[in-house]
file final-v5.cif (mmCIF, C-alpha atoms)
data_run
#
loop_
_atom_site.label_atom_id
_atom_site.label_comp_id
_atom_site.auth_asym_id
_atom_site.auth_seq_id
_atom_site.Cartn_x
_atom_site.Cartn_y
_atom_site.Cartn_z
CA MET A 1 0.00 0.00 0.00
CA PHE A 2 2.77 2.43 0.94
CA ASP A 3 5.14 1.25 -1.78
CA PRO A 4 4.03 3.60 -4.62
CA ILE A 5 4.18 6.60 -2.28
CA MET A 6 7.58 5.49 -1.02
CA GLN A 7 8.87 5.12 -4.58
CA GLN A 8 7.80 8.71 -5.32
CA ILE A 9 9.49 10.00 -2.17
CA LEU A 10 12.66 8.03 -2.92
CA THR A 11 12.76 9.43 -6.47
CA ILE A 12 12.54 12.97 -5.10
CA ALA A 13 15.19 12.13 -2.48
CA ARG A 14 17.52 10.74 -5.18
CA ASP A 15 17.08 13.90 -7.25
CA ALA A 16 17.75 16.03 -4.19
CA TRP A 17 20.89 13.97 -3.43
CA ALA A 18 22.21 14.45 -6.98
CA PHE A 19 21.44 18.18 -6.81
CA MET A 20 23.19 18.61 -3.47
CA ALA A 21 26.19 16.53 -4.54
CA GLY A 22 26.53 18.74 -7.64
CA LEU A 23 26.16 21.87 -5.52
CA LEU A 24 28.83 20.59 -3.14
CA ILE A 25 31.23 20.10 -6.06
CA VAL A 26 30.49 23.60 -7.37
CA VAL A 27 31.00 25.16 -3.91
CA ALA A 28 34.21 23.19 -3.43
CA LEU A 29 35.54 24.26 -6.85
CA LEU A 30 34.69 27.91 -6.18
CA GLY A 31 36.28 27.66 -2.74
CA GLY A 32 39.37 26.04 -4.23
CA LEU A 33 39.63 28.82 -6.80
CA TYR A 34 39.28 31.43 -4.07
CA PHE A 35 42.01 29.83 -1.99
CA ILE A 36 44.30 29.58 -5.03
CA LEU A 37 43.72 33.27 -5.75
CA GLN A 38 44.45 34.05 -2.12
CA GLY A 39 47.63 31.96 -2.18
CA THR A 40 48.81 33.53 -5.44
CA ALA A 41 48.18 37.02 -4.12
CA GLY A 42 49.99 36.14 -0.92
CA MET A 43 52.98 34.88 -2.86
CA ALA A 44 53.01 37.98 -5.06
CA PHE A 45 52.94 40.34 -2.08
CA GLY A 46 55.28 38.21 0.00
CA GLY A 47 52.52 37.38 2.50
CA SER A 48 53.67 34.01 3.76
CA ARG A 49 50.85 33.72 6.31
CA MET A 50 48.25 34.42 3.63
CA THR A 51 49.79 31.76 1.38
CA SER A 52 50.01 29.15 4.09
CA MET A 53 46.40 29.84 5.16
CA ALA A 54 45.32 29.39 1.54
CA ILE A 55 47.18 26.06 1.29
CA ILE A 56 45.60 24.88 4.55
CA GLY A 57 42.20 25.99 3.22
CA VAL A 58 42.59 23.98 0.03
CA VAL A 59 43.69 20.90 1.95
CA GLY A 60 40.75 21.32 4.38
CA LEU A 61 38.32 21.68 1.49
CA VAL A 62 39.63 18.51 -0.18
CA ILE A 63 39.29 16.65 3.14
CA ILE A 64 35.71 17.88 3.58
CA VAL A 65 34.69 16.84 0.06
CA LEU A 66 36.37 13.44 0.42
CA PHE A 67 34.66 13.01 3.80
CA ALA A 68 31.29 13.85 2.24
CA PHE A 69 31.65 11.52 -0.73
CA LEU A 70 33.30 8.60 1.07
CA PHE A 71 31.87 8.74 4.58
CA LEU A 72 28.21 9.48 3.83
CA PRO A 73 27.60 6.50 1.49
CA GLN A 74 29.30 4.23 4.03
CA LEU A 75 27.10 5.68 6.76
CA GLY A 76 24.07 4.98 4.59
CA GLU A 77 25.17 1.38 4.06
CA MET A 78 25.67 0.97 7.79
CA LEU A 79 22.22 2.34 8.60
CA LYS A 80 20.73 0.18 5.82
CA ASN A 81 22.22 -2.88 7.49
CA PHE A 82 20.75 -1.74 10.81
CA GLN A 83 17.31 -1.16 9.27
CA PRO A 84 15.01 -3.05 11.61
CA LYS A 85 12.14 -5.33 10.77
CA PRO A 86 8.81 -4.30 12.35
CA PRO A 87 9.13 -5.13 16.07
CA PHE A 88 5.41 -5.98 16.43
CA MET B 1 -11.11 -10.88 15.46
CA ASN B 2 -7.80 -12.55 14.73
CA GLU B 3 -8.14 -11.71 11.05
CA VAL B 4 -8.86 -8.07 11.87
CA THR B 5 -5.81 -8.01 14.15
CA SER B 6 -3.54 -9.48 11.49
CA LEU B 7 -4.97 -7.07 8.87
CA PHE B 8 -4.23 -4.06 11.06
CA LEU B 9 -0.78 -5.38 11.92
CA VAL B 10 0.10 -5.99 8.26
CA PHE B 11 -0.96 -2.40 7.50
CA LEU B 12 1.16 -1.07 10.37
CA ARG B 13 4.14 -3.25 9.35
CA GLU B 14 4.02 -1.89 5.80
CA ALA B 15 3.89 1.62 7.21
CA TRP B 16 6.90 0.82 9.41
CA ILE B 17 8.95 -0.46 6.47
CA ALA B 18 8.05 2.59 4.35
CA LEU B 19 8.84 4.98 7.19
CA ALA B 20 12.18 3.28 7.87
CA ALA B 21 13.16 3.54 4.20
CA GLY B 22 12.13 7.20 4.12
CA PHE B 23 14.05 7.83 7.32
CA LEU B 24 17.19 6.37 5.75
CA ALA B 25 16.79 8.49 2.59
CA PHE B 26 16.30 11.68 4.58
CA ALA B 27 19.21 10.83 6.86
CA MET B 28 21.46 10.75 3.82
CA LEU B 29 20.00 14.02 2.52
CA ALA B 30 20.48 15.64 5.91
CA GLY B 31 24.07 14.41 5.96
CA ILE B 32 24.94 15.86 2.56
CA ALA B 33 23.12 19.12 3.42
CA GLN B 34 25.29 19.48 6.52
CA MET B 35 28.43 18.66 4.52
CA LEU B 36 27.46 21.34 1.99
CA ARG B 37 27.09 23.76 4.88
CA VAL B 38 30.50 22.77 6.27
CA SER B 39 32.24 23.29 2.94
CA SER B 40 30.61 26.66 2.24
CA ALA B 41 31.25 27.82 5.82
CA SER B 42 34.89 26.79 5.68
CA VAL B 43 35.33 28.73 2.43
CA LEU B 44 33.70 31.78 4.01
CA GLY B 45 35.74 31.34 7.18
CA ALA B 46 32.68 30.99 9.43
CA ASN B 47 34.03 28.84 12.26
CA LEU B 48 30.83 28.77 14.29
CA TRP B 49 28.82 27.58 11.31
CA VAL B 50 31.31 24.78 10.70
CA TRP B 51 31.04 23.55 14.29
CA GLU B 52 27.25 23.80 14.20
CA SER B 53 27.19 21.65 11.08
CA ILE B 54 29.58 19.08 12.53
CA SER B 55 27.46 18.77 15.67
CA ALA B 56 24.33 18.49 13.50
CA LEU B 57 26.04 15.70 11.54
CA LEU B 58 26.84 13.88 14.76
CA SER B 59 23.26 14.27 15.95
CA ILE B 60 22.05 12.79 12.65
CA VAL B 61 24.21 9.70 13.25
CA VAL B 62 22.98 9.42 16.84
CA LEU B 63 19.35 9.85 15.76
CA GLY B 64 19.79 7.19 13.07
CA LEU B 65 21.24 4.75 15.57
CA PHE B 66 18.48 5.56 18.06
CA ALA B 67 15.76 5.02 15.43
CA PHE B 68 17.15 1.77 14.07
CA MET B 69 18.56 0.20 17.22
CA GLY B 70 16.81 1.88 20.15
CA ILE B 71 13.16 2.04 19.07
CA PRO B 72 12.72 -1.68 18.21
CA GLN B 73 14.28 -2.66 21.55
CA ILE B 74 12.03 -0.24 23.47
CA VAL B 75 8.96 -1.55 21.65
CA ASN B 76 9.94 -5.17 22.28
CA ALA B 77 10.48 -4.45 25.97
CA MET B 78 7.19 -2.58 26.36
CA GLN B 79 5.24 -5.11 24.34
CA SER B 80 6.42 -7.94 26.54
CA SER B 81 5.00 -6.03 29.52
CA LEU B 82 1.60 -5.62 27.87
CA PRO B 83 -0.85 -8.30 29.01
CA ASP B 84 -2.09 -10.30 26.04
CA ALA B 85 -5.58 -10.91 27.23
CA GLY B 86 -7.59 -11.09 30.38
CA GLY B 87 -10.16 -13.81 30.68
CA CYS B 88 -11.64 -15.64 27.75
CA GLY B 89 -14.04 -15.24 24.87
CA PRO B 90 -14.51 -11.87 23.18
CA ILE B 91 -12.74 -10.05 26.02
CA SER B 92 -9.64 -12.16 25.44
CA GLU B 93 -9.72 -11.51 21.69
CA LEU B 94 -10.27 -7.79 22.24
CA GLY B 95 -7.32 -7.75 24.64
CA THR B 96 -5.09 -9.44 22.08
CA LEU B 97 -6.23 -6.97 19.40
CA ALA B 98 -5.68 -4.01 21.73
CA SER B 99 -2.19 -5.05 22.85
CA GLY B 100 -1.10 -5.71 19.24
CA LEU B 101 -2.47 -2.38 18.05
CA ILE B 102 -1.01 -0.45 20.99
CA GLY B 103 2.46 -1.90 20.34
CA GLY B 104 2.27 -1.22 16.61
CA LEU B 105 0.96 2.31 16.96
CA ALA B 106 3.51 3.21 19.63
CA ALA B 107 6.35 1.86 17.48
CA LEU B 108 5.12 3.81 14.48
CA ARG B 109 4.70 6.95 16.54
CA MET B 110 8.27 6.75 17.80
CA LEU B 111 9.63 6.16 14.29
CA LYS B 112 7.45 9.00 12.96
CA ALA B 113 8.92 11.37 15.56
CA ALA B 114 12.44 10.36 14.54
CA PHE B 115 11.48 10.74 10.86
CA ALA B 116 10.08 14.26 11.41
CA THR B 117 13.23 15.27 13.24
CA MET B 118 15.42 13.88 10.47
CA PHE B 119 13.25 15.59 7.84
CA SER B 120 13.70 18.95 9.56
CA ALA B 121 17.45 18.33 9.65
CA SER B 122 17.51 17.46 5.95
CA ILE B 123 15.82 20.73 4.96
CA GLY B 124 18.33 22.70 6.98
CA GLY B 125 16.38 23.13 10.21
CA ALA B 126 17.72 22.31 13.63
CA SER B 127 17.78 18.58 14.19
CA SER B 128 15.83 18.68 17.42
CA PHE B 129 16.71 15.34 18.91
CA ALA B 130 14.79 16.34 22.04
CA ASN B 131 11.48 16.33 20.12
CA ALA B 132 11.97 12.71 19.07
CA LEU B 133 12.82 11.74 22.64
CA ILE B 134 9.75 13.56 24.04
CA GLU B 135 7.43 11.82 21.56
CA SER B 136 9.06 8.48 22.33
CA GLY B 137 8.52 9.13 26.04
CA GLU B 138 4.86 9.94 25.40
CA ALA B 139 4.43 6.71 23.42
CA ILE B 140 6.08 4.68 26.21
CA PHE B 141 3.86 6.36 28.82
CA GLY B 142 0.81 5.50 26.70
CA MET B 143 1.91 1.87 26.53
CA ILE B 144 2.38 1.76 30.31
CA LEU B 145 -1.12 3.20 30.81
CA ALA B 146 -2.53 0.68 28.35
CA SER B 147 -0.80 -2.18 30.13
CA ALA B 148 -2.72 -1.17 33.26
CA ALA B 149 -5.97 -0.43 31.42
CA ILE B 150 -6.33 -3.77 29.60
CA PRO B 151 -6.56 -5.96 32.73
CA LEU B 152 -8.79 -3.38 34.41
CA ALA B 153 -11.15 -3.38 31.41
CA ALA B 154 -11.15 -7.19 31.39
CA TRP B 155 -11.96 -7.21 35.11
CA PHE B 156 -14.67 -4.58 34.67
CA LEU B 157 -16.30 -6.32 31.73
CA GLY B 158 -16.11 -9.65 33.44
CA THR B 159 -13.62 -12.47 33.10
CA CYS B 160 -14.10 -16.19 33.19
#

call {"tool": "encode", "arguments": {"input": "final-v5.cif", "output": "structure tokens"}}
result
Amino acid sequence: MFDPIMQQILTIARDAWAFMAGLLIVVALLGGLYFILQGTAGMAFGGSRMTSMAIIGVVGLVIIVLFAFLFLPQLGEMLKNFQPKPPF
Amino acid sequence: MNEVTSLFLVFLREAWIALAAGFLAFAMLAGIAQMLRVSSASVLGANLWVWESISALLSIVVLGLFAFMGIPQIVNAMQSSLPDAGGCGPISELGTLASGLIGGLAALRMLKAAFATMFSASIGGASSFANALIESGEAIFGMILASAAIPLAAWFLGTC
């Protein structure tokens, strides 16, 4: 009875997942570009702190994106394995 | 009466399975929404926003574990304390129907509370874990009341 409704909801959820994953990539690329600009400017002006902060920012951004794309699907698999049968 | 009971329970079981699948989908959406927030906040340099998102992500994991591991155990424990039936005849059958329905509805109510909380987290709202716990507490209290009410009703209506 609930299956057709659930299929509709899951389709919407899949679309929303693809949209948000795409948005995350766009934000990460823009952020990476910003940090590269910051690092380049820092190097040009001789601002070593600015450059090192930009490098740290790029590394942090890569870690966040990797965390999102590797950890979240694993978390989903884990919760799927835990999905309980009706306890009544 | 047994057929009616099994019909209701099949309906509630299907609802449980659908709600659990929806919960899982929205948990993933909430997770990626929080990761999007973390990445945009880290680019903007908003430290507080980053920590808020990380704590929201942790609360999503905790809520998921509570929904999938805690709720079935609570329902099993409470259902074992519900008296099946008092007496015999129609009272006994009504008692069986009532205890089955009470267990199923309480389980669904708890999962629905967790689902609503996860849904609010997935659309960017605060993942109010407290709301799910309050609704779960209300459902447990209702089951405790019912466990007292069923034998009283059987006694009142007359037992064999």

call {"tool": "atom_distance", "arguments": {"input": "final-v5.cif", "atom1": "atom CA of B:Ser120", "atom2": "atom CA of B:Leu24"}}
result
13.6 Å

call {"tool": "residues_near_point", "arguments": {"input": "final-v5.cif", "point": "(34.8, 25.4, -4.2)", "cutoff": "10 Å", "atoms": "all atoms listed in the file", "output": "ChimeraX atom specification"}}
result
/A:23-35,58,61-62,65 /B:39-40,42-43

call {"tool": "interface_residues", "arguments": {"input": "final-v5.cif", "of": "chain B", "to": "chain A", "cutoff": "7 Å", "atoms": "only C-alpha atoms", "output": "PyMOL selection string"}}
result
chain B and resi 13-16+18+20+25+28-29+31-33+35-36+39-40+43+68+72+75-76+103-104

call {"tool": "atom_distance", "arguments": {"input": "final-v5.cif", "atom1": "atom CA of B:Ser81", "atom2": "atom CA of B:Ala148"}}
result
9.9 Å

call {"tool": "atom_distance", "arguments": {"input": "final-v5.cif", "atom1": "atom CA of A:Gln8", "atom2": "atom CA of B:Lys112"}}
result
18.3 Å
